[in-house]
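A short worksheet on the structure shown next.
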Amino acid sequence: MKILLIGMNHRSAPLAVRERYAEGDPGPALRKLALCEEIEEAVLVSTCNRVELVVSTRNIEEAVLRVHRFFRTDLIHDGAEVAGASFDDITYEHRDRDAVRHVFRVASSLDSMVVGEPQILGQMKDAYRLAVENEVCGPVLSRLFQRAFATAKRVKNETRIAQRPVSVARVAVDLARQIFEDLGDKSALLLGAGEMIELSLIALQREGLGEVRVANRTFANAEELAVRFSATPHRLSELESLLPKADVVLCCVGGDQPLLAYGMVKRALDARRSRPVIFIDMGVPRNVDPRIETLDNAYVYDMDDLESVAEANAGERRRESDQAEVIVAQEQIQFDSWLAALKAVPTIRHLRARAELIRSDELARMSGRLRLDDQQREGVEALTRAIVNKLLHAPLSHLRNEAESGGGVESLEAARVLFALDDATAPGAAADEALRGEMERSRLAEAAQATADPDTAAAADEGDEGEDPEQ
Amino acid sequence: MVEFHQLAAAIYLAAGIGALVGVVLPAPRMSRGAAFGLVLGAAVQAVAFATLHRVESPPITSLPVVLASSAWMLVVFSVLLSFRVRLPGLAAVVGPVAFLSVFVASINWQPGAGHAVEVSATGTWPHLHVLLASAGLALLGIAGLAGLFFLLEHRRLKAKPPRAATVSLPSLEALDRVNVVTTAVGFALLTLGILTGMIWLQEAEGKAWMGTTHEAWMVISWAIYAGLVVARYAGRQGARQAAASALAGFAFLLFGVMGVGVMS
């Protein structure tokens, strides 16, 4: 079985191109694709930063052509050719080991625009679930995606890749969390209405921030913001009385002079006794008097501070990605072994089925002559089964080990010849039909199990929300 | 009995190393394992204390016993606190401190040797005195530790630009809360420890004050902590000053209990 991945992402194709292939409900297209002879299984990962189709196939060259047609005819919205660039220029193709590695890297957020962002894992789980629900995902891709989720979980737990925030808004929240144990009983004061302030407030509210007050020079604007954030509107003239109640102050207002003067903040801090306040100053020029930093319980961060931290964290993530690549490589080796061992499975099952049929036929033939009672028959059953198992143990182990190490084609062929597995007239050949039925039932059972529980291998959902979503 | 203390010391050391690795990597499983290790070590030490009276004239008020019991209480209180407040990194310090204390205590463990006060140590009062004073010392030790963490975190967060944390420490709010609670309760226990010590002396020697250096240092330490508690509850001290005071106060107290005991 071969694995093929063809797709485009934020590096290979501009958004204007990617959005033409982005499919909200790819179910029907996937079902149609899976009906094709050259495609065994398919999963489509479609986010605003990437559109990737992963398929398993027995004929990879035919599958490549089929997937290209799928992109050009079934997936594209307007049916028009991609202007200014050929399809090959905007897409990439990975096969087998490279495809596995790519899927693992994408799930682990190593291929994301912002390395370490957590959204992609949830999006891949959605893609996998959709494929399972549409019955286009079988045992190979199920295994691939479940191992990808497990890899992502390992990367998350064993590296710091997702720990340090890289957006200014999330840095502000992270700093607040290092000062306050619980944001649920804290209140924020919003001064002004900049975009960055809104993003920071959204991030803070996601962390469970308690009360929010909004003060603005134009009261109508404060009211409008208050409605959006379930806050209470205030006039800027109330600032002196609002300040002692605020644990988090987010400010971004115009003006040549700092809005928050040293004396005013000192009085507020005295009124709060020893409780700290964090000031997120996003105004340019700054809204918070720099002397306030000298006050013990005031933690003041301006845009320069936040951007410096974000930049340092991005560098740290890049350094951590080396360690994450090692984890991906380890997981890839394991998956490769599993995939390679699959080659041996039909031959092993075939050989076992033949041997078992010969054993049971011979036993049935002899039991009439021997006139065995029940206890004796059970003994002979166990004896013959043990002989067959011991005889088969060495060759089957050899076939399995050879396959897991990536080779073993010659051994498999030799086994088929030596045991006449392809000879329909050989003893035990009657087992072949029953075996085919059993393998089909097994395949269906595996697919049904995957449908019932798509997240079995890796329940790595925790922390799936964060900054810089892919979608 | 000494063997139990040495076994507990080894477990504390392993837990401390595990906790350190847990916060540096970070590895949550390792941190959980370290917390379990502390509990196990405390259980082993509890067995050691339970067998204290198997020997004749147990050295209840000797420095090694005080050191070992303070370490035991330090571990017990830090585990109890971690149920209420998220305190990453605390076990990484508590483990090695407990190891060092219990190990030093175990190698100096001799019946009747090293008494802080050379008076008869039989009856309820000396037991109560050691228990309460050790508990107070342990809690004020945690307050000092929280103070140290607070000062480090405060300095880091006040830097321009703020530096990334190399290890995950508790939030400033959590550290301050631990400081407030442990200082208040620790001071109350220290007060009771001193009072029970005076009652013990009164019963054994007929006077509550022997005029030893140990007693003088303890009274001065008590007065310092009384001042800290009043300043904090009267709202005259901010979180940073309280953290620095808790650290300095504990250093003074530690010298009063251990340093003076060793030198005398």
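Labels for the structure tokens follow display order: chains A, B, ..., residues from 1 in each chain, ligands from 1.
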Interface residues on chain B facing chain A, 12 Å, only C-alpha atoms, written as number ranges by chain | B: 22-30, 84-87, 150-151, 153-178, 180, 231-243
Determine, counting only C-alpha atoms, which protein, DNA and RNA residues have an atom within 9 Å of an atom of Arg416 in chain A; residues of the same chain fewer than 6 positions away are not included. Present the result as a PyMOL selection string.
-> chain A and resi 347+351+422
Considering only C-alpha atoms, state which residue in the set A:Ala329, A:Ala150, A:Leu53, A:Val168 is at the smallest distance from Ala127 in chain A.
->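 Selected residue with least distance to Ala127 in chain A: A:Leu53.
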Can you list, as a list of chain:residue names, every protein, DNA or RNA residue that comes within 7 Å of Ala203 in chain A when you count only C-alpha atoms, leaving out same-chain residues fewer than 6 positions away?
-> A:Ala169, A:Arg170, A:Val173
Excluding Gly95 in chain B and residues on its chain fewer than 4 positions from it, collect all residues at most 12 Å away from it, counting only C-alpha atoms, and give them as JSON, numbers by chain.
-> {"B": [8, 9, 10, 11, 12, 13, 14, 15, 16, 17, 18, 19, 20, 31, 34, 35, 36, 37, 38, 39, 40, 41, 42, 71, 72, 74, 75, 76, 78, 79, 89, 90, 91, 99, 100, 101, 102, 103]}
Suppose we keep N, CA and C atoms; can you now write the selection as a tab-separated table (two decimals), in the first residue's frame?
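The resulting file, out05.tsv, is reproduced below:
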```tsv
chain	number	residue	atom	x	y	z
B	8	ALA	N	13.98	8.30	54.27
B	8	ALA	CA	13.15	9.47	53.93
B	8	ALA	C	13.99	10.53	53.23
B	9	ALA	N	15.22	10.73	53.73
B	9	ALA	CA	16.11	11.73	53.12
B	9	ALA	C	16.38	11.37	51.66
B	10	ALA	N	16.63	10.09	51.41
B	10	ALA	CA	16.89	9.65	50.03
B	10	ALA	C	15.66	9.90	49.15
B	11	ILE	N	14.49	9.62	49.70
B	11	ILE	CA	13.25	9.84	48.91
B	11	ILE	C	13.07	11.33	48.64
B	12	TYR	N	13.34	12.17	49.65
B	12	TYR	CA	13.21	13.62	49.45
B	12	TYR	C	14.17	14.10	48.36
B	13	LEU	N	15.39	13.54	48.37
B	13	LEU	CA	16.37	13.96	47.36
B	13	LEU	C	15.87	13.58	45.96
B	14	ALA	N	15.39	12.35	45.85
B	14	ALA	CA	14.88	11.90	44.54
B	14	ALA	C	13.70	12.76	44.12
B	15	ALA	N	12.80	13.07	45.08
B	15	ALA	CA	11.64	13.90	44.75
B	15	ALA	C	12.08	15.30	44.33
B	16	GLY	N	13.08	15.82	45.03
B	16	GLY	CA	13.57	17.16	44.70
B	16	GLY	C	14.16	17.21	43.31
B	17	ILE	N	14.96	16.19	42.97
B	17	ILE	CA	15.57	16.15	41.63
B	17	ILE	C	14.46	15.99	40.58
B	18	GLY	N	13.50	15.11	40.88
B	18	GLY	CA	12.37	14.92	39.95
B	18	GLY	C	11.60	16.21	39.75
B	19	ALA	N	11.36	16.92	40.83
B	19	ALA	CA	10.61	18.18	40.73
B	19	ALA	C	11.39	19.21	39.92
B	20	LEU	N	12.70	19.22	40.12
B	20	LEU	CA	13.54	20.17	39.38
B	20	LEU	C	13.50	19.87	37.88
B	31	SER	N	6.68	16.07	37.66
B	31	SER	CA	6.29	16.93	38.79
B	31	SER	C	5.29	16.20	39.69
B	34	ALA	N	7.13	13.67	41.63
B	34	ALA	CA	7.90	14.31	42.71
B	34	ALA	C	6.99	14.60	43.90
B	35	ALA	N	5.78	15.07	43.62
B	35	ALA	CA	4.82	15.35	44.71
B	35	ALA	C	4.51	14.06	45.47
B	36	PHE	N	4.35	12.98	44.71
B	36	PHE	CA	4.09	11.68	45.33
B	36	PHE	C	5.29	11.26	46.19
B	37	GLY	N	6.49	11.55	45.67
B	37	GLY	CA	7.71	11.23	46.40
B	37	GLY	C	7.78	11.95	47.73
B	38	LEU	N	7.39	13.22	47.73
B	38	LEU	CA	7.39	13.98	48.99
B	38	LEU	C	6.43	13.36	50.00
B	39	VAL	N	5.25	12.96	49.51
B	39	VAL	CA	4.27	12.33	50.40
B	39	VAL	C	4.84	11.03	50.97
B	40	LEU	N	5.49	10.26	50.10
B	40	LEU	CA	6.08	8.98	50.54
B	40	LEU	C	7.17	9.21	51.58
B	41	GLY	N	8.02	10.20	51.29
B	41	GLY	CA	9.10	10.52	52.23
B	41	GLY	C	8.54	10.94	53.58
B	42	ALA	N	7.48	11.75	53.56
B	42	ALA	CA	6.86	12.21	54.81
B	42	ALA	C	6.27	11.02	55.57
B	71	ALA	N	11.76	19.72	59.07
B	71	ALA	CA	11.77	19.30	57.65
B	71	ALA	C	10.51	18.51	57.32
B	72	TRP	N	10.12	17.64	58.25
B	72	TRP	CA	8.91	16.84	58.03
B	72	TRP	C	7.68	17.74	57.87
B	74	LEU	N	7.72	20.88	57.04
B	74	LEU	CA	7.89	21.66	55.80
B	74	LEU	C	7.29	20.89	54.63
B	75	VAL	N	7.60	19.60	54.57
B	75	VAL	CA	7.08	18.78	53.48
B	75	VAL	C	5.57	18.65	53.58
B	76	VAL	N	5.09	18.36	54.79
B	76	VAL	CA	3.64	18.16	54.97
B	76	VAL	C	2.88	19.44	54.61
B	78	SER	N	3.85	21.97	52.72
B	78	SER	CA	3.95	22.34	51.29
B	78	SER	C	3.05	21.45	50.44
B	79	VAL	N	2.92	20.17	50.83
B	79	VAL	CA	2.00	19.29	50.09
B	79	VAL	C	0.56	19.76	50.30
B	89	GLY	N	7.31	24.40	41.12
B	89	GLY	CA	8.67	24.80	41.51
B	89	GLY	C	8.93	24.70	43.00
B	90	LEU	N	7.88	24.70	43.82
B	90	LEU	CA	8.09	24.67	45.28
B	90	LEU	C	8.75	23.36	45.70
B	91	ALA	N	8.25	22.25	45.11
B	91	ALA	CA	8.80	20.93	45.48
B	91	ALA	C	10.28	20.82	45.11
B	99	PHE	N	15.79	17.01	52.28
B	99	PHE	CA	16.87	16.00	52.24
B	99	PHE	C	18.04	16.42	53.12
B	100	LEU	N	18.49	17.66	52.89
B	100	LEU	CA	19.65	18.16	53.62
B	100	LEU	C	19.40	18.14	55.13
B	101	SER	N	18.22	18.64	55.52
B	101	SER	CA	17.89	18.73	56.95
B	101	SER	C	17.84	17.34	57.58
B	102	VAL	N	17.12	16.43	56.92
B	102	VAL	CA	16.93	15.10	57.51
B	102	VAL	C	18.24	14.32	57.50
B	103	PHE	N	19.00	14.49	56.44
B	103	PHE	CA	20.28	13.76	56.36
B	103	PHE	C	21.24	14.24	57.46
```
Every residue of range 57-216 of chain A that DSSP places in strand (DSSP E), as a compact mmCIF listing (two decimals) with N, CA and C atoms, in the first residue's frame:
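Below you can see part_0.txt, which holds the result:
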```
# COMPACT_ATOMS: atom_id res chain seq x y z
N THR A 57 -3.11 4.16 -1.83
CA THR A 57 -3.35 3.59 -3.16
C THR A 57 -2.43 2.40 -3.41
N TYR A 92 2.53 20.80 -4.04
CA TYR A 92 3.65 19.91 -3.74
C TYR A 92 3.11 18.49 -3.65
N GLU A 93 4.03 17.56 -3.83
CA GLU A 93 3.63 16.15 -3.81
C GLU A 93 4.59 15.38 -2.91
N HIS A 94 4.05 14.61 -1.99
CA HIS A 94 4.89 13.77 -1.13
C HIS A 94 4.41 12.33 -1.25
N ARG A 95 5.37 11.42 -1.27
CA ARG A 95 5.01 10.00 -1.37
C ARG A 95 5.56 9.21 -0.18
N SER A 187 -10.90 42.40 37.39
CA SER A 187 -11.65 43.29 36.51
C SER A 187 -10.68 44.07 35.63
N ALA A 188 -11.14 44.35 34.43
CA ALA A 188 -10.30 45.08 33.47
C ALA A 188 -10.92 46.44 33.19
N LEU A 189 -10.06 47.40 32.96
CA LEU A 189 -10.51 48.74 32.56
C LEU A 189 -9.95 48.99 31.16
N LEU A 190 -10.85 49.28 30.25
CA LEU A 190 -10.48 49.48 28.85
C LEU A 190 -10.51 50.98 28.57
N LEU A 191 -9.38 51.56 28.20
CA LEU A 191 -9.33 52.99 27.89
C LEU A 191 -9.01 53.12 26.40
N GLY A 192 -9.99 53.57 25.61
CA GLY A 192 -9.79 53.67 24.17
C GLY A 192 -10.33 52.43 23.48
N GLU A 211 -14.88 41.06 35.38
CA GLU A 211 -15.63 42.26 35.00
C GLU A 211 -14.83 43.12 34.01
N VAL A 212 -15.55 43.81 33.11
CA VAL A 212 -14.88 44.71 32.17
C VAL A 212 -15.59 46.07 32.21
N ARG A 213 -14.80 47.15 32.32
CA ARG A 213 -15.34 48.51 32.25
C ARG A 213 -14.67 49.20 31.07
N VAL A 214 -15.45 49.99 30.35
CA VAL A 214 -14.91 50.70 29.19
C VAL A 214 -15.08 52.19 29.41
N ALA A 215 -13.99 52.95 29.26
CA ALA A 215 -14.08 54.41 29.36
C ALA A 215 -13.49 55.01 28.09
N ASN A 216 -14.18 56.00 27.56
CA ASN A 216 -13.72 56.61 26.32
C ASN A 216 -14.10 58.09 26.31
```
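Comparing B:Ala226, B:Leu139, B:Ala146, B:Leu247 by their smallest distance to Asn179 in chain B, the closest is B:Ala146 (using only C-alpha atoms).
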